[in-house]
>>> print(open('entry15.pdb').read())   # PDB, C-alpha atoms
ATOM      1  CA  MET Q   1      18.531  57.419  80.367  1.00  0.00           C
ATOM      2  CA  LEU Q   2      16.847  60.595  81.570  1.00  0.00           C
ATOM      3  CA  ASN Q   3      19.897  62.727  80.641  1.00  0.00           C
ATOM      4  CA  THR Q   4      19.880  61.291  77.115  1.00  0.00           C
ATOM      5  CA  LEU Q   5      16.196  62.084  76.730  1.00  0.00           C
ATOM      6  CA  ARG Q   6      16.695  65.616  78.081  1.00  0.00           C
ATOM      7  CA  ALA Q   7      19.587  66.202  75.652  1.00  0.00           C
ATOM      8  CA  LEU Q   8      17.268  65.476  72.715  1.00  0.00           C
ATOM      9  CA  PHE Q   9      15.012  68.391  73.685  1.00  0.00           C
ATOM     10  CA  THR Q  10      17.725  70.912  74.633  1.00  0.00           C
ATOM     11  CA  GLU Q  11      18.163  73.561  71.966  1.00  0.00           C
ATOM     12  CA  ARG Q  12      21.757  74.334  71.061  1.00  0.00           C
ATOM     13  CA  CYS Q  13      23.480  76.980  68.945  1.00  0.00           C
ATOM     14  CA  PRO Q  14      24.100  75.611  65.428  1.00  0.00           C
ATOM     15  CA  HIS Q  15      27.591  77.182  65.408  1.00  0.00           C
ATOM     16  CA  CYS Q  16      29.175  76.523  68.808  1.00  0.00           C
ATOM     17  CA  GLN Q  17      26.789  73.877  70.250  1.00  0.00           C
ATOM     18  CA  ARG Q  18      26.294  75.782  73.529  1.00  0.00           C
ATOM     19  CA  ILE Q  19      22.894  75.615  75.205  1.00  0.00           C
ATOM     20  CA  MET Q  20      20.618  78.449  74.089  1.00  0.00           C
ATOM     21  CA  GLN Q  21      19.388  80.951  76.686  1.00  0.00           C
ATOM     22  CA  SER Q  22      15.758  82.073  76.610  1.00  0.00           C
ATOM     23  CA  GLN Q  23      13.590  84.970  77.718  1.00  0.00           C
ATOM     24  CA  GLN Q  24       9.822  85.202  77.542  1.00  0.00           C
ATOM     25  CA  ASP Q  25       7.392  88.086  77.813  1.00  0.00           C
ATOM     26  CA  SER Q  26       3.731  88.537  76.923  1.00  0.00           C
ATOM     27  CA  LEU Q  27       4.425  88.994  73.189  1.00  0.00           C
ATOM     28  CA  ARG Q  28       7.375  86.796  72.293  1.00  0.00           C
ATOM     29  CA  VAL Q  29       9.851  84.106  73.207  1.00  0.00           C
ATOM     30  CA  LEU Q  30      13.490  85.013  72.584  1.00  0.00           C
ATOM     31  CA  LYS Q  31      16.181  82.313  72.369  1.00  0.00           C
ATOM     32  CA  PHE Q  32      19.799  83.295  71.887  1.00  0.00           C
ATOM     33  CA  CYS Q  33      23.343  81.941  71.961  1.00  0.00           C
ATOM     34  CA  PRO Q  34      25.357  83.212  74.951  1.00  0.00           C
ATOM     35  CA  GLN Q  35      28.269  83.873  72.558  1.00  0.00           C
ATOM     36  CA  GLY Q  36      26.091  85.976  70.219  1.00  0.00           C
ATOM     37  CA  HIS Q  37      26.127  83.656  67.179  1.00  0.00           C
ATOM     38  CA  TYR Q  38      22.394  83.008  66.816  1.00  0.00           C
ATOM     39  CA  LYS Q  39      19.090  84.554  67.885  1.00  0.00           C
ATOM     40  CA  GLU Q  40      15.502  83.413  67.369  1.00  0.00           C
ATOM     41  CA  GLU Q  41      12.294  85.333  68.126  1.00  0.00           C
ATOM     42  CA  THR Q  42       8.916  83.570  68.175  1.00  0.00           C
ATOM     43  CA  TYR Q  43       5.628  85.459  68.160  1.00  0.00           C
ATOM     44  CA  ALA Q  44       3.070  82.710  68.848  1.00  0.00           C
ATOM     45  CA  SER Q  45       0.032  84.975  68.563  1.00  0.00           C
ATOM     46  CA  LEU Q  46       1.061  85.920  65.013  1.00  0.00           C
ATOM     47  CA  GLY Q  47       2.481  82.525  64.032  1.00  0.00           C
ATOM     48  CA  VAL Q  48       5.820  84.142  63.151  1.00  0.00           C
ATOM     49  CA  ARG Q  49       9.374  82.979  63.850  1.00  0.00           C
ATOM     50  CA  ILE Q  50      12.331  85.248  63.029  1.00  0.00           C
ATOM     51  CA  VAL Q  51      15.846  83.772  62.950  1.00  0.00           C
ATOM     52  CA  TYR Q  52      19.000  85.891  63.055  1.00  0.00           C
ATOM     53  CA  ASP Q  53      22.196  84.084  62.066  1.00  0.00           C
ATOM     54  CA  LEU Q  54      24.715  86.555  63.501  1.00  0.00           C
ATOM     55  CA  LYS Q  55      27.922  84.716  62.749  1.00  0.00           C
TER      56      LYS Q  55
END
>>> encode(input="entry15.pdb", output="structure tokens")
Amino acid sequence: MLNTLRALFTERCPHCQRIMQSQQDSLRVLKFCPQGHYKEETYASLGVRIVYDLK
């Protein structure tokens, strides 16, 4: 049950379905596909989200 619930909140690459990696610093949160298909930058202080579809 817990694994099913956790899977609902795990972000995955829309192309290869691998789990996205993330990095965070004081300005942004960066989530990216380990295979390089997809990248997403979120700047919470500005309310901006930038999505790169690299495939």
>>> closest_residue(input="entry15.pdb", among="Q:Leu8, Q:Cys16, Q:Leu2, Q:Leu27", to="Lys55 of chain Q", atoms="all atoms listed in the file")
Q:Cys16
>>> atom_distance(input="entry15.pdb", atom1="atom CA of Val29 of chain Q", atom2="atom CA of Thr42 of chain Q")
5.1 Å
>>> atom_distance(input="entry15.pdb", atom1="atom CA of Gln35 of chain Q", atom2="atom CA of Arg12 of chain Q")
11.6 Å
>>> residues_around(input="entry15.pdb", residues="Cys33 of chain Q", least_positions_apart="2", cutoff="12 Å", atoms="all atoms listed in the file", output="NGL selection string")
:Q and (11-23 or 30-31 or 35-40 or 51-55)
>>> residues_near_point(input="entry15.pdb", point="(3.3, 85.9, 75.5)", cutoff="9 Å", atoms="all atoms listed in the file", output="VMD selection string")
chain Q and resid 24 to 29 43 to 45
>>> write_last_selection(input="entry15.pdb", atoms="C-alpha atoms", output="tab-separated table (two decimals), keeping the file's coordinate frame")
chain	number	residue	atom	x	y	z
Q	24	GLN	CA	9.82	85.20	77.54
Q	25	ASP	CA	7.39	88.09	77.81
Q	26	SER	CA	3.73	88.54	76.92
Q	27	LEU	CA	4.42	88.99	73.19
Q	28	ARG	CA	7.38	86.80	72.29
Q	29	VAL	CA	9.85	84.11	73.21
Q	43	TYR	CA	5.63	85.46	68.16
Q	44	ALA	CA	3.07	82.71	68.85
Q	45	SER	CA	0.03	84.98	68.56
>>> decode(input="entry15.pdb", residues="chain Q", atoms="C-alpha atoms", output="PDB file, in the first residue's frame")
ATOM      1  CA  MET Q   1       0.000   0.000   0.000  1.00  0.00           C
ATOM      2  CA  LEU Q   2       2.747   2.440   0.932  1.00  0.00           C
ATOM      3  CA  ASN Q   3       4.707   1.670  -2.273  1.00  0.00           C
ATOM      4  CA  THR Q   4       1.614   2.362  -4.381  1.00  0.00           C
ATOM      5  CA  LEU Q   5       1.078   5.683  -2.640  1.00  0.00           C
ATOM      6  CA  ARG Q   6       4.752   6.625  -3.051  1.00  0.00           C
ATOM      7  CA  ALA Q   7       4.617   5.768  -6.774  1.00  0.00           C
ATOM      8  CA  LEU Q   8       1.818   8.311  -7.258  1.00  0.00           C
ATOM      9  CA  PHE Q   9       4.082  11.135  -6.063  1.00  0.00           C
ATOM     10  CA  THR Q  10       7.302  10.057  -7.817  1.00  0.00           C
ATOM     11  CA  GLU Q  11       8.037  12.215 -10.838  1.00  0.00           C
ATOM     12  CA  ARG Q  12       9.075  10.313 -13.943  1.00  0.00           C
ATOM     13  CA  CYS Q  13      10.443  11.287 -17.352  1.00  0.00           C
ATOM     14  CA  PRO Q  14       7.571  11.536 -19.866  1.00  0.00           C
ATOM     15  CA  HIS Q  15       9.705   9.772 -22.510  1.00  0.00           C
ATOM     16  CA  CYS Q  16      11.474   6.858 -20.813  1.00  0.00           C
ATOM     17  CA  GLN Q  17       9.561   6.652 -17.485  1.00  0.00           C
ATOM     18  CA  ARG Q  18      12.758   6.690 -15.386  1.00  0.00           C
ATOM     19  CA  ILE Q  19      12.676   8.452 -12.026  1.00  0.00           C
ATOM     20  CA  MET Q  20      13.715  12.100 -12.309  1.00  0.00           C
ATOM     21  CA  GLN Q  21      16.817  13.278 -10.436  1.00  0.00           C
ATOM     22  CA  SER Q  22      16.727  16.606  -8.604  1.00  0.00           C
ATOM     23  CA  GLN Q  23      19.076  19.299  -7.357  1.00  0.00           C
ATOM     24  CA  GLN Q  24      18.190  22.301  -5.240  1.00  0.00           C
ATOM     25  CA  ASP Q  25      19.998  25.524  -4.436  1.00  0.00           C
ATOM     26  CA  SER Q  26      18.918  28.854  -2.970  1.00  0.00           C
ATOM     27  CA  LEU Q  27      17.391  30.099  -6.248  1.00  0.00           C
ATOM     28  CA  ARG Q  28      15.916  27.105  -8.038  1.00  0.00           C
ATOM     29  CA  VAL Q  29      14.930  23.469  -8.068  1.00  0.00           C
ATOM     30  CA  LEU Q  30      16.242  21.489 -11.037  1.00  0.00           C
ATOM     31  CA  LYS Q  31      14.678  18.146 -12.018  1.00  0.00           C
ATOM     32  CA  PHE Q  32      16.123  16.164 -14.894  1.00  0.00           C
ATOM     33  CA  CYS Q  33      16.006  12.778 -16.603  1.00  0.00           C
ATOM     34  CA  PRO Q  34      19.187  10.730 -16.061  1.00  0.00           C
ATOM     35  CA  GLN Q  35      19.137   9.883 -19.792  1.00  0.00           C
ATOM     36  CA  GLY Q  36      18.945  13.569 -20.799  1.00  0.00           C
ATOM     37  CA  HIS Q  37      15.434  13.557 -22.315  1.00  0.00           C
ATOM     38  CA  TYR Q  38      13.757  16.145 -20.084  1.00  0.00           C
ATOM     39  CA  LYS Q  39      14.721  18.987 -17.752  1.00  0.00           C
ATOM     40  CA  GLU Q  40      12.607  21.270 -15.570  1.00  0.00           C
ATOM     41  CA  GLU Q  41      13.719  24.366 -13.638  1.00  0.00           C
ATOM     42  CA  THR Q  42      11.479  25.933 -10.984  1.00  0.00           C
ATOM     43  CA  TYR Q  43      12.119  29.386  -9.554  1.00  0.00           C
ATOM     44  CA  ALA Q  44       9.663  29.562  -6.636  1.00  0.00           C
ATOM     45  CA  SER Q  45      10.515  33.137  -5.671  1.00  0.00           C
ATOM     46  CA  LEU Q  46       9.564  34.316  -9.173  1.00  0.00           C
ATOM     47  CA  GLY Q  47       6.698  31.866  -9.714  1.00  0.00           C
ATOM     48  CA  VAL Q  48       8.352  30.589 -12.905  1.00  0.00           C
ATOM     49  CA  ARG Q  49       8.735  27.042 -14.224  1.00  0.00           C
ATOM     50  CA  ILE Q  50      10.840  26.371 -17.336  1.00  0.00           C
ATOM     51  CA  VAL Q  51      10.534  23.004 -19.101  1.00  0.00           C
ATOM     52  CA  TYR Q  52      13.083  21.729 -21.616  1.00  0.00           C
ATOM     53  CA  ASP Q  53      11.929  18.797 -23.744  1.00  0.00           C
ATOM     54  CA  LEU Q  54      15.329  17.638 -25.010  1.00  0.00           C
ATOM     55  CA  LYS Q  55      14.284  14.584 -26.962  1.00  0.00           C
TER      56      LYS Q  55
END
